[in-house]
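With mmCIF, C-alpha atoms and all ligand atoms inside, this is my_file-v9.cif:
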```cif
data_coords
loop_
_atom_site.group_PDB
_atom_site.id
_atom_site.type_symbol
_atom_site.label_atom_id
_atom_site.label_comp_id
_atom_site.auth_asym_id
_atom_site.auth_seq_id
_atom_site.Cartn_x
_atom_site.Cartn_y
_atom_site.Cartn_z
ATOM 1 C CA MET P 160 85.059 115.467 61.420
ATOM 2 C CA LYS P 161 82.273 113.113 60.385
ATOM 3 C CA LEU P 162 82.570 112.265 56.692
ATOM 4 C CA PHE P 163 79.507 112.703 54.499
ATOM 5 C CA ARG P 164 79.236 109.548 52.371
ATOM 6 C CA PRO P 165 79.321 109.731 48.550
ATOM 7 C CA PHE P 166 76.107 108.697 46.833
ATOM 8 C CA ASN P 167 74.481 108.400 43.417
ATOM 9 C CA VAL P 168 71.075 109.488 42.310
ATOM 10 C CA VAL P 169 69.658 108.428 38.959
ATOM 11 C CA VAL P 170 68.088 110.985 36.626
ATOM 12 C CA ASP P 171 65.575 109.813 34.039
ATOM 13 C CA PHE P 172 66.070 112.119 31.036
ATOM 14 C CA GLU P 173 62.612 111.302 29.659
ATOM 15 C CA THR P 174 60.477 111.922 32.756
ATOM 16 C CA GLY P 175 62.802 114.063 34.871
ATOM 17 C CA ASN P 176 62.436 111.665 37.761
ATOM 18 C CA LEU P 177 65.388 111.722 40.179
ATOM 19 C CA THR P 178 65.751 108.725 42.495
ATOM 20 C CA PRO P 179 66.035 108.712 45.419
ATOM 21 C CA GLY P 180 64.609 112.218 45.664
ATOM 22 C CA LYS P 181 62.096 114.436 47.433
ATOM 23 C CA LYS P 182 59.377 116.128 45.414
ATOM 24 C CA ILE P 183 57.961 119.652 45.603
ATOM 25 C CA THR P 184 54.791 120.358 43.595
ATOM 26 C CA ARG P 185 53.486 123.772 42.556
ATOM 27 C CA TYR P 186 49.999 124.377 41.251
ATOM 28 C CA LEU P 187 48.525 127.319 39.389
ATOM 29 C CA SER P 188 47.012 128.605 42.642
ATOM 30 C CA ASP P 189 50.550 128.928 44.085
ATOM 31 C CA ILE P 190 51.739 131.300 41.328
ATOM 32 C CA GLN P 191 48.456 132.846 40.156
ATOM 33 C CA HIS P 192 49.348 136.393 41.209
ATOM 34 C CA PHE P 193 52.169 136.560 38.646
ATOM 35 C CA PHE P 194 50.049 136.026 35.530
ATOM 36 C CA LEU P 195 49.037 139.046 33.457
ATOM 37 C CA ASP P 196 45.452 138.063 32.688
ATOM 38 C CA LYS P 197 43.711 137.983 36.088
ATOM 39 C CA GLU P 198 40.315 137.120 34.557
ATOM 40 C CA LYS P 199 41.748 134.107 32.689
ATOM 41 C CA VAL P 200 43.432 132.887 35.883
ATOM 42 C CA LYS P 201 40.089 133.079 37.685
ATOM 43 C CA ALA P 202 38.315 131.247 34.877
ATOM 44 C CA VAL P 203 40.878 128.400 34.845
ATOM 45 C CA LEU P 204 40.865 128.074 38.645
ATOM 46 C CA ALA P 205 37.073 127.930 38.707
ATOM 47 C CA LYS P 206 37.342 124.670 36.730
ATOM 48 C CA GLU P 207 40.638 123.101 37.844
ATOM 49 C CA ASN P 208 43.948 123.821 39.537
ATOM 50 C CA PRO P 209 46.559 122.479 37.110
ATOM 51 C CA LEU P 210 49.942 121.215 38.237
ATOM 52 C CA VAL P 211 52.423 123.707 36.755
ATOM 53 C CA TYR P 212 55.752 122.260 37.861
ATOM 54 C CA GLU P 213 57.570 119.806 40.078
ATOM 55 C CA VAL P 214 61.038 119.885 41.596
ATOM 56 C CA ILE P 215 62.726 116.637 42.618
ATOM 57 C CA TYR P 216 65.832 117.103 44.676
ATOM 58 C CA ALA P 217 68.597 114.949 46.113
ATOM 59 C CA GLU P 218 68.888 115.251 49.881
ATOM 60 C CA VAL P 219 72.077 117.096 50.746
ATOM 61 C CA PRO P 220 72.837 119.133 53.901
ATOM 62 C CA GLU P 221 72.100 122.849 53.409
ATOM 63 C CA GLU P 222 75.626 123.727 54.493
ATOM 64 C CA PRO P 223 78.531 125.652 52.944
ATOM 65 C CA GLY P 224 80.605 123.472 50.629
ATOM 66 C CA HIS P 225 77.759 121.165 49.642
ATOM 67 C CA LEU P 226 76.157 121.268 46.199
ATOM 68 C CA ALA P 227 72.388 120.911 46.023
ATOM 69 C CA HIS P 228 70.977 119.408 42.857
ATOM 70 C CA CYS P 229 67.561 118.685 41.482
ATOM 71 C CA THR P 230 65.457 118.280 38.390
ATOM 72 C CA THR P 231 62.610 120.624 37.501
ATOM 73 C CA ILE P 232 59.713 119.588 35.283
ATOM 74 C CA ILE P 233 57.513 122.392 33.973
ATOM 75 C CA TYR P 234 54.384 121.061 32.309
ATOM 76 C CA PRO P 235 53.193 122.558 29.030
ATOM 77 C CA GLY P 236 50.399 125.056 29.400
ATOM 78 C CA LYS P 237 49.340 128.687 29.269
ATOM 79 C CA VAL P 238 47.044 131.103 31.007
ATOM 80 C CA GLY P 239 45.615 133.080 28.123
ATOM 81 C CA ASN P 240 48.683 133.585 25.942
ATOM 82 C CA GLU P 241 51.220 133.446 28.794
ATOM 83 C CA PHE P 242 53.278 130.261 29.112
ATOM 84 C CA PHE P 243 53.606 128.320 32.383
ATOM 85 C CA PHE P 244 56.668 129.249 34.458
ATOM 86 C CA THR P 245 58.317 128.735 37.829
ATOM 87 C CA LYS P 246 57.850 131.170 40.693
ATOM 88 C CA GLY P 247 61.403 132.389 40.337
ATOM 89 C CA HIS P 248 63.704 133.635 43.042
ATOM 90 C CA LEU P 249 66.918 135.331 44.048
ATOM 91 C CA HIS P 250 69.379 133.464 46.213
ATOM 92 C CA GLU P 251 69.444 134.677 49.794
ATOM 93 C CA LYS P 252 73.212 134.428 49.429
ATOM 94 C CA LEU P 253 73.344 136.681 46.358
ATOM 95 C CA GLU P 254 76.967 135.742 45.686
ATOM 96 C CA THR P 255 76.061 132.174 44.655
ATOM 97 C CA ALA P 256 75.689 131.054 41.022
ATOM 98 C CA GLU P 257 73.686 128.153 39.578
ATOM 99 C CA ILE P 258 73.659 125.983 36.448
ATOM 100 C CA TYR P 259 70.598 124.683 34.587
ATOM 101 C CA PHE P 260 71.220 121.813 32.175
ATOM 102 C CA THR P 261 68.214 121.186 29.930
ATOM 103 C CA LEU P 262 67.349 117.542 29.272
ATOM 104 C CA LYS P 263 64.092 117.842 27.381
ATOM 105 C CA GLY P 264 61.724 120.408 25.893
ATOM 106 C CA GLN P 265 61.986 124.063 24.942
ATOM 107 C CA GLY P 266 62.137 126.960 27.340
ATOM 108 C CA ARG P 267 63.264 130.438 28.193
ATOM 109 C CA LEU P 268 65.285 131.429 31.227
ATOM 110 C CA ILE P 269 64.499 134.960 32.400
ATOM 111 C CA MET P 270 67.191 136.515 34.574
ATOM 112 C CA ALA P 271 67.300 139.966 36.136
ATOM 113 C CA SER P 272 69.729 141.993 38.201
ATOM 114 C CA PRO P 273 68.583 142.611 41.821
ATOM 115 C CA ASP P 274 67.145 146.071 40.927
ATOM 116 C CA GLY P 275 65.589 144.612 37.752
ATOM 117 C CA GLU P 276 67.273 147.223 35.532
ATOM 118 C CA GLU P 277 69.221 144.520 33.699
ATOM 119 C CA CYS P 278 67.356 141.595 32.169
ATOM 120 C CA GLU P 279 68.525 138.696 30.004
ATOM 121 C CA VAL P 280 66.529 135.863 28.462
ATOM 122 C CA LEU P 281 68.322 132.686 27.367
ATOM 123 C CA GLU P 282 66.915 129.854 25.300
ATOM 124 C CA MET P 283 66.689 126.447 26.989
ATOM 125 C CA PHE P 284 66.862 123.359 24.758
ATOM 126 C CA PRO P 285 68.189 119.799 25.150
ATOM 127 C CA GLY P 286 71.913 120.145 25.818
ATOM 128 C CA SER P 287 71.891 123.817 26.825
ATOM 129 C CA ALA P 288 73.835 124.504 30.023
ATOM 130 C CA SER P 289 72.717 127.913 31.237
ATOM 131 C CA TYR P 290 74.890 129.806 33.676
ATOM 132 C CA ILE P 291 73.038 131.925 36.221
ATOM 133 C CA PRO P 292 75.718 134.250 37.602
ATOM 134 C CA PRO P 293 75.704 135.491 41.201
ATOM 135 C CA SER P 294 73.013 138.132 41.953
ATOM 136 C CA TRP P 295 70.652 137.368 39.040
ATOM 137 C CA SER P 296 67.060 136.404 39.836
ATOM 138 C CA HIS P 297 65.831 133.503 37.707
ATOM 139 C CA ARG P 298 62.568 132.117 36.396
ATOM 140 C CA SER P 299 62.138 129.428 33.732
ATOM 141 C CA VAL P 300 59.311 129.209 31.231
ATOM 142 C CA ASN P 301 58.075 126.235 29.205
ATOM 143 C CA VAL P 302 57.396 127.507 25.664
ATOM 144 C CA GLY P 303 56.814 124.086 24.057
ATOM 145 C CA GLY P 304 54.141 121.436 23.841
ATOM 146 C CA GLU P 305 55.941 118.862 26.025
ATOM 147 C CA PRO P 306 57.365 119.033 29.556
ATOM 148 C CA LEU P 307 60.453 121.209 29.955
ATOM 149 C CA ILE P 308 62.912 119.181 32.018
ATOM 150 C CA PHE P 309 66.175 120.551 33.377
ATOM 151 C CA TYR P 310 68.784 119.541 35.929
ATOM 152 C CA CYS P 311 70.066 122.202 38.339
ATOM 153 C CA ILE P 312 73.154 122.496 40.501
ATOM 154 C CA PHE P 313 73.552 125.227 43.112
ATOM 155 C CA PHE P 314 75.219 125.909 46.444
ATOM 156 C CA ALA P 315 73.296 124.038 49.125
ATOM 157 C CA ASP P 316 73.355 127.021 51.506
ATOM 158 C CA ALA P 317 72.245 129.545 48.833
ATOM 159 C CA GLY P 318 68.672 129.868 50.127
ATOM 160 C CA HIS P 319 65.599 130.966 48.130
ATOM 161 C CA ASP P 320 64.348 134.556 48.340
ATOM 162 C CA TYR P 321 60.776 134.513 47.007
ATOM 163 C CA ALA P 322 59.592 137.623 48.870
ATOM 164 C CA THR P 323 61.412 140.045 46.554
ATOM 165 C CA ILE P 324 59.907 138.497 43.410
ATOM 166 C CA ASP P 325 56.466 138.495 45.047
ATOM 167 C CA LYS P 326 56.810 142.275 45.325
ATOM 168 C CA THR P 327 58.520 143.121 42.018
ATOM 169 C CA GLY P 328 57.709 140.319 39.551
ATOM 170 C CA PHE P 329 60.122 139.860 36.610
ATOM 171 C CA PRO P 330 60.802 142.694 34.108
ATOM 172 C CA LYS P 331 59.897 140.461 31.129
ATOM 173 C CA VAL P 332 57.061 138.080 30.258
ATOM 174 C CA VAL P 333 57.037 135.250 27.685
ATOM 175 C CA LEU P 334 53.908 135.023 25.548
ATOM 176 C CA GLU P 335 52.578 133.329 22.446
ATOM 177 C CA ARG P 336 51.524 135.689 19.680
ATOM 178 C CA ASN P 337 50.390 134.321 16.297
ATOM 179 C CA GLY P 338 52.049 130.997 17.083
ATOM 180 C CA GLU P 339 55.370 132.682 17.898
ATOM 181 C CA VAL P 340 57.163 132.860 21.236
ATOM 182 C CA VAL P 341 57.673 136.517 22.134
ATOM 183 C CA VAL P 342 59.383 138.241 25.051
ATOM 184 C CA GLU P 343 57.797 141.511 26.140
ATOM 185 C CA ASN P 344 58.148 144.015 28.961
ATOM 186 C CA ASN P 345 56.033 143.105 31.972
ATOM 187 C CA PRO P 346 53.569 145.966 32.512
ATOM 188 C CA ASN P 347 53.141 144.851 36.164
ATOM 189 C CA TRP P 348 56.850 144.878 37.002
ATOM 190 C CA LYS P 349 57.788 147.092 39.951
ATOM 191 C CA LYS P 350 61.282 148.358 40.587
ATOM 192 C CA ALA P 351 62.787 146.843 43.765
HETATM 193 O O1 LIG A 401 62.088 127.752 43.415
HETATM 194 P P1 LIG A 401 61.355 128.110 42.166
HETATM 195 O O2 LIG A 401 61.563 129.514 41.738
HETATM 196 O O3 LIG A 401 59.915 127.740 42.301
HETATM 197 O O4 LIG A 401 61.958 127.245 40.976
HETATM 198 C C1 LIG A 401 61.945 125.867 41.009
HETATM 199 C C2 LIG A 401 63.328 125.271 41.166
HETATM 200 O O5 LIG A 401 64.041 125.557 40.011
HETATM 201 C C3 LIG A 401 65.321 125.003 39.981
HETATM 202 O O6 LIG A 401 65.243 123.636 40.056
HETATM 203 C C4 LIG A 401 66.163 125.492 41.132
HETATM 204 O O7 LIG A 401 67.421 124.934 41.165
HETATM 205 C C5 LIG A 401 65.491 125.176 42.406
HETATM 206 O O8 LIG A 401 66.256 125.714 43.442
HETATM 207 C C6 LIG A 401 64.102 125.772 42.380
HETATM 208 O O9 LIG A 401 63.439 125.498 43.574
HETATM 209 FE FE FE A 402 68.225 129.256 42.159
#
```

Take the structure in the file and give it back as structure tokens.
Amino acid sequence: MKLFRPFNVVVDFETGNLTPGKKITRYLSDIQHFFLDKEKVKAVLAKENPLVYEVIYAEVPEEPGHLAHCTTIIYPGKVGNEFFFTKGHLHEKLETAEIYFTLKGQGRLIMASPDGEECEVLEMFPGSASYIPPSWSHRSVNVGGEPLIFYCIFFADAGHDYATIDKTGFPKVVLERNGEVVVENNPNWKKA
């Protein structure tokens, strides 16, 4: 068997940069359909298409036994009163867990069972290591005024199921009300 060689990557805790790494960028236009206030989304997009988040990942084979790892940087921002977030996904291999270790910023991690009947929201803060158990969909939200930066480790063959979330959305939304971060039921959520 051909041995895969050990290697280091370097993570910058301040910027979230991971070197050497490959970058994925997601703009508001990529996740616009998830936001509650459709008019506000339109108004923002008429002026600009802000960068919402970036993922920088180490290149590892997408094969059983390997661990994929990456940083995610969610920029601060809102559409109306709804904070910027990641698309969110289930793993195609539902039986695979994941860990998010927060390096910088303040966030919320929304997780839901596959049918969406169960939902949990964890706080993300520097030093928090959030465990995403098998089967839970996950979306992270930046609730602060600086980038939310976290480091993720997951099974390299887990796969990303975005189609389910496109159909159902998440059961909860994270909003700012009177300067407070609040978690509310998502009126647009559809049962899987
Ligand atoms: O894939 P998204 O839902 O857009 O979330 C962005 C990224 O968040 C974390 O970094 C996960 O470990 C990645 O697998 C995921 O791609
Ligand atoms: Fe994941």

Once you count only C-alpha atoms and all ligand atoms, which residues end up within 7 Å of ligand FE 402 (chain A), and could you hand them over as a VMD selection string?
chain P and resid 248 to 250 257 297 313 319

Please write out the residues within 8 Å of ligand LIG 401 (chain A) as a ChimeraX atom specification, counting all atoms listed in the file.
/P:185,212-215,228-231,245-248,257-259,297-299,309-313,319,321

Which neighbours of Ala317 in chain P fall inside 9 Å, counting all atoms listed in the file, when residues of the same chain fewer than 5 positions from it are skipped, and could you give them as a list in words?
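Final neighbour list, sorted by chain and number: Glu221, Glu222, Pro223, His250, Glu251, Lys252, Leu253, Glu254, Thr255 and Ala256 of chain P.
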
Using 6 Å of padding on each side, determine the axis-aligned box around all atoms of range 272-286 of chain P present in the file and give its centre and edge lengths in Å to one decimal, as AutoDock Vina command-line options.
```
--center_x 68.8 --center_y 133.5 --center_z 33.3 --size_x 18.3 --size_y 39.4 --size_z 29.1
```

List the residues matched by the PyMOL selection byres (((chain P and resi 162-165) around 12) and not hetatm) in the displayed structure as an MDAnalysis selection string, ordered by chain and then by residue number.
chainID P and resid 160:161 166:168 218:220 222 224:225

By how many Å are CA of Leu187 in chain P and CA of Met283 in chain P apart?
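Going from CA of Leu187 in chain P over to CA of Met283 in chain P covers 22.0 Å.
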
Which one is closest to Pro293 in chain P: P:Pro273, P:Gly180, P:Pro346, P:Pro209? Count all atoms listed in the file.
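For Pro293 in chain P, the nearest of the candidates is P:Pro273.
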
Selected by the PyMOL selection byres (((chain P and resi 261) around 12) and not hetatm) in the shown coordinates: which residues, as a PyMOL selection string?
chain P and resi 172-173+175+229-233+258-260+262-268+281-290+299+301+306-312

Those residues with C-alpha atoms, as a compact mmCIF listing (two decimals), in the frame of the given file please?
```
# COMPACT_ATOMS: atom_id res chain seq x y z
CA PHE P 172 66.07 112.12 31.04
CA GLU P 173 62.61 111.30 29.66
CA GLY P 175 62.80 114.06 34.87
CA CYS P 229 67.56 118.68 41.48
CA THR P 230 65.46 118.28 38.39
CA THR P 231 62.61 120.62 37.50
CA ILE P 232 59.71 119.59 35.28
CA ILE P 233 57.51 122.39 33.97
CA ILE P 258 73.66 125.98 36.45
CA TYR P 259 70.60 124.68 34.59
CA PHE P 260 71.22 121.81 32.17
CA LEU P 262 67.35 117.54 29.27
CA LYS P 263 64.09 117.84 27.38
CA GLY P 264 61.72 120.41 25.89
CA GLN P 265 61.99 124.06 24.94
CA GLY P 266 62.14 126.96 27.34
CA ARG P 267 63.26 130.44 28.19
CA LEU P 268 65.28 131.43 31.23
CA LEU P 281 68.32 132.69 27.37
CA GLU P 282 66.92 129.85 25.30
CA MET P 283 66.69 126.45 26.99
CA PHE P 284 66.86 123.36 24.76
CA PRO P 285 68.19 119.80 25.15
CA GLY P 286 71.91 120.14 25.82
CA SER P 287 71.89 123.82 26.82
CA ALA P 288 73.83 124.50 30.02
CA SER P 289 72.72 127.91 31.24
CA TYR P 290 74.89 129.81 33.68
CA SER P 299 62.14 129.43 33.73
CA ASN P 301 58.08 126.24 29.20
CA PRO P 306 57.36 119.03 29.56
CA LEU P 307 60.45 121.21 29.96
CA ILE P 308 62.91 119.18 32.02
CA PHE P 309 66.18 120.55 33.38
CA TYR P 310 68.78 119.54 35.93
CA CYS P 311 70.07 122.20 38.34
CA ILE P 312 73.15 122.50 40.50
```

If the PyMOL selection byres (((chain P and resi 336) around 12) and not hetatm) is run on the structure shown, which residues does it catch, given as a list in words?
Gly239, Asn240, Glu241, Phe242, Val302, Val333, Leu334, Glu335, Asn337, Gly338, Glu339, Val340, Val341, Val342 and Glu343 of chain P

Okay, now the selection with C-alpha atoms, as a tab-separated table (two decimals), in the coordinates of the input?
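Done, and the output landed in part.tsv:
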```tsv
chain	number	residue	atom	x	y	z
P	239	GLY	CA	45.62	133.08	28.12
P	240	ASN	CA	48.68	133.58	25.94
P	241	GLU	CA	51.22	133.45	28.79
P	242	PHE	CA	53.28	130.26	29.11
P	302	VAL	CA	57.40	127.51	25.66
P	333	VAL	CA	57.04	135.25	27.68
P	334	LEU	CA	53.91	135.02	25.55
P	335	GLU	CA	52.58	133.33	22.45
P	337	ASN	CA	50.39	134.32	16.30
P	338	GLY	CA	52.05	131.00	17.08
P	339	GLU	CA	55.37	132.68	17.90
P	340	VAL	CA	57.16	132.86	21.24
P	341	VAL	CA	57.67	136.52	22.13
P	342	VAL	CA	59.38	138.24	25.05
P	343	GLU	CA	57.80	141.51	26.14
```

Compare P:Met270, P:Cys278, P:Val332, P:Pro179 by their minimum atom-to-atom distance to Pro292 in chain P, counting all atoms listed in the file, and give me the closest one.
P:Met270

So, with all atoms listed in the file as the atoms that count, which of P:Val200, P:Gly304, P:Tyr216, P:Phe194 lies closest to Trp348 in chain P?
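Once distances to Trp348 in chain P are computed over all atoms listed in the file, the minimum belongs to P:Phe194.
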
For a quick check of understanding, using only C-alpha atoms, which of P:Thr323, P:Phe244, P:Ala217, P:Glu277 has the smallest distance to Lys181 in chain P?
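Going through P:Thr323, P:Phe244, P:Ala217, P:Glu277 one by one, the smallest distance to Lys181 in chain P is for P:Ala217.
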
Kindly indicate which residue among P:Val280, P:Ala315, P:Asp320, P:Asp325 lies nearest to Gln191 in chain P, using only C-alpha atoms for the distances.
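The shortest atom-to-atom distance to Gln191 in chain P comes from P:Asp325.
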
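Taking CA of Ser296 in chain P and CA of Ser272 in chain P as the two end points, the separation is 6.4 Å.
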
The distance between CA of Phe243 in chain P and CA of Glu305 in chain P is 11.6 Å

My list of candidates is P:Lys201, P:Lys349, P:Lys206, P:Lys237. Which is closest to Asp274 in chain P when distances are computed with all atoms listed in the file?
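When distances to Asp274 in chain P are compared using all atoms listed in the file, the smallest one comes from P:Lys349.
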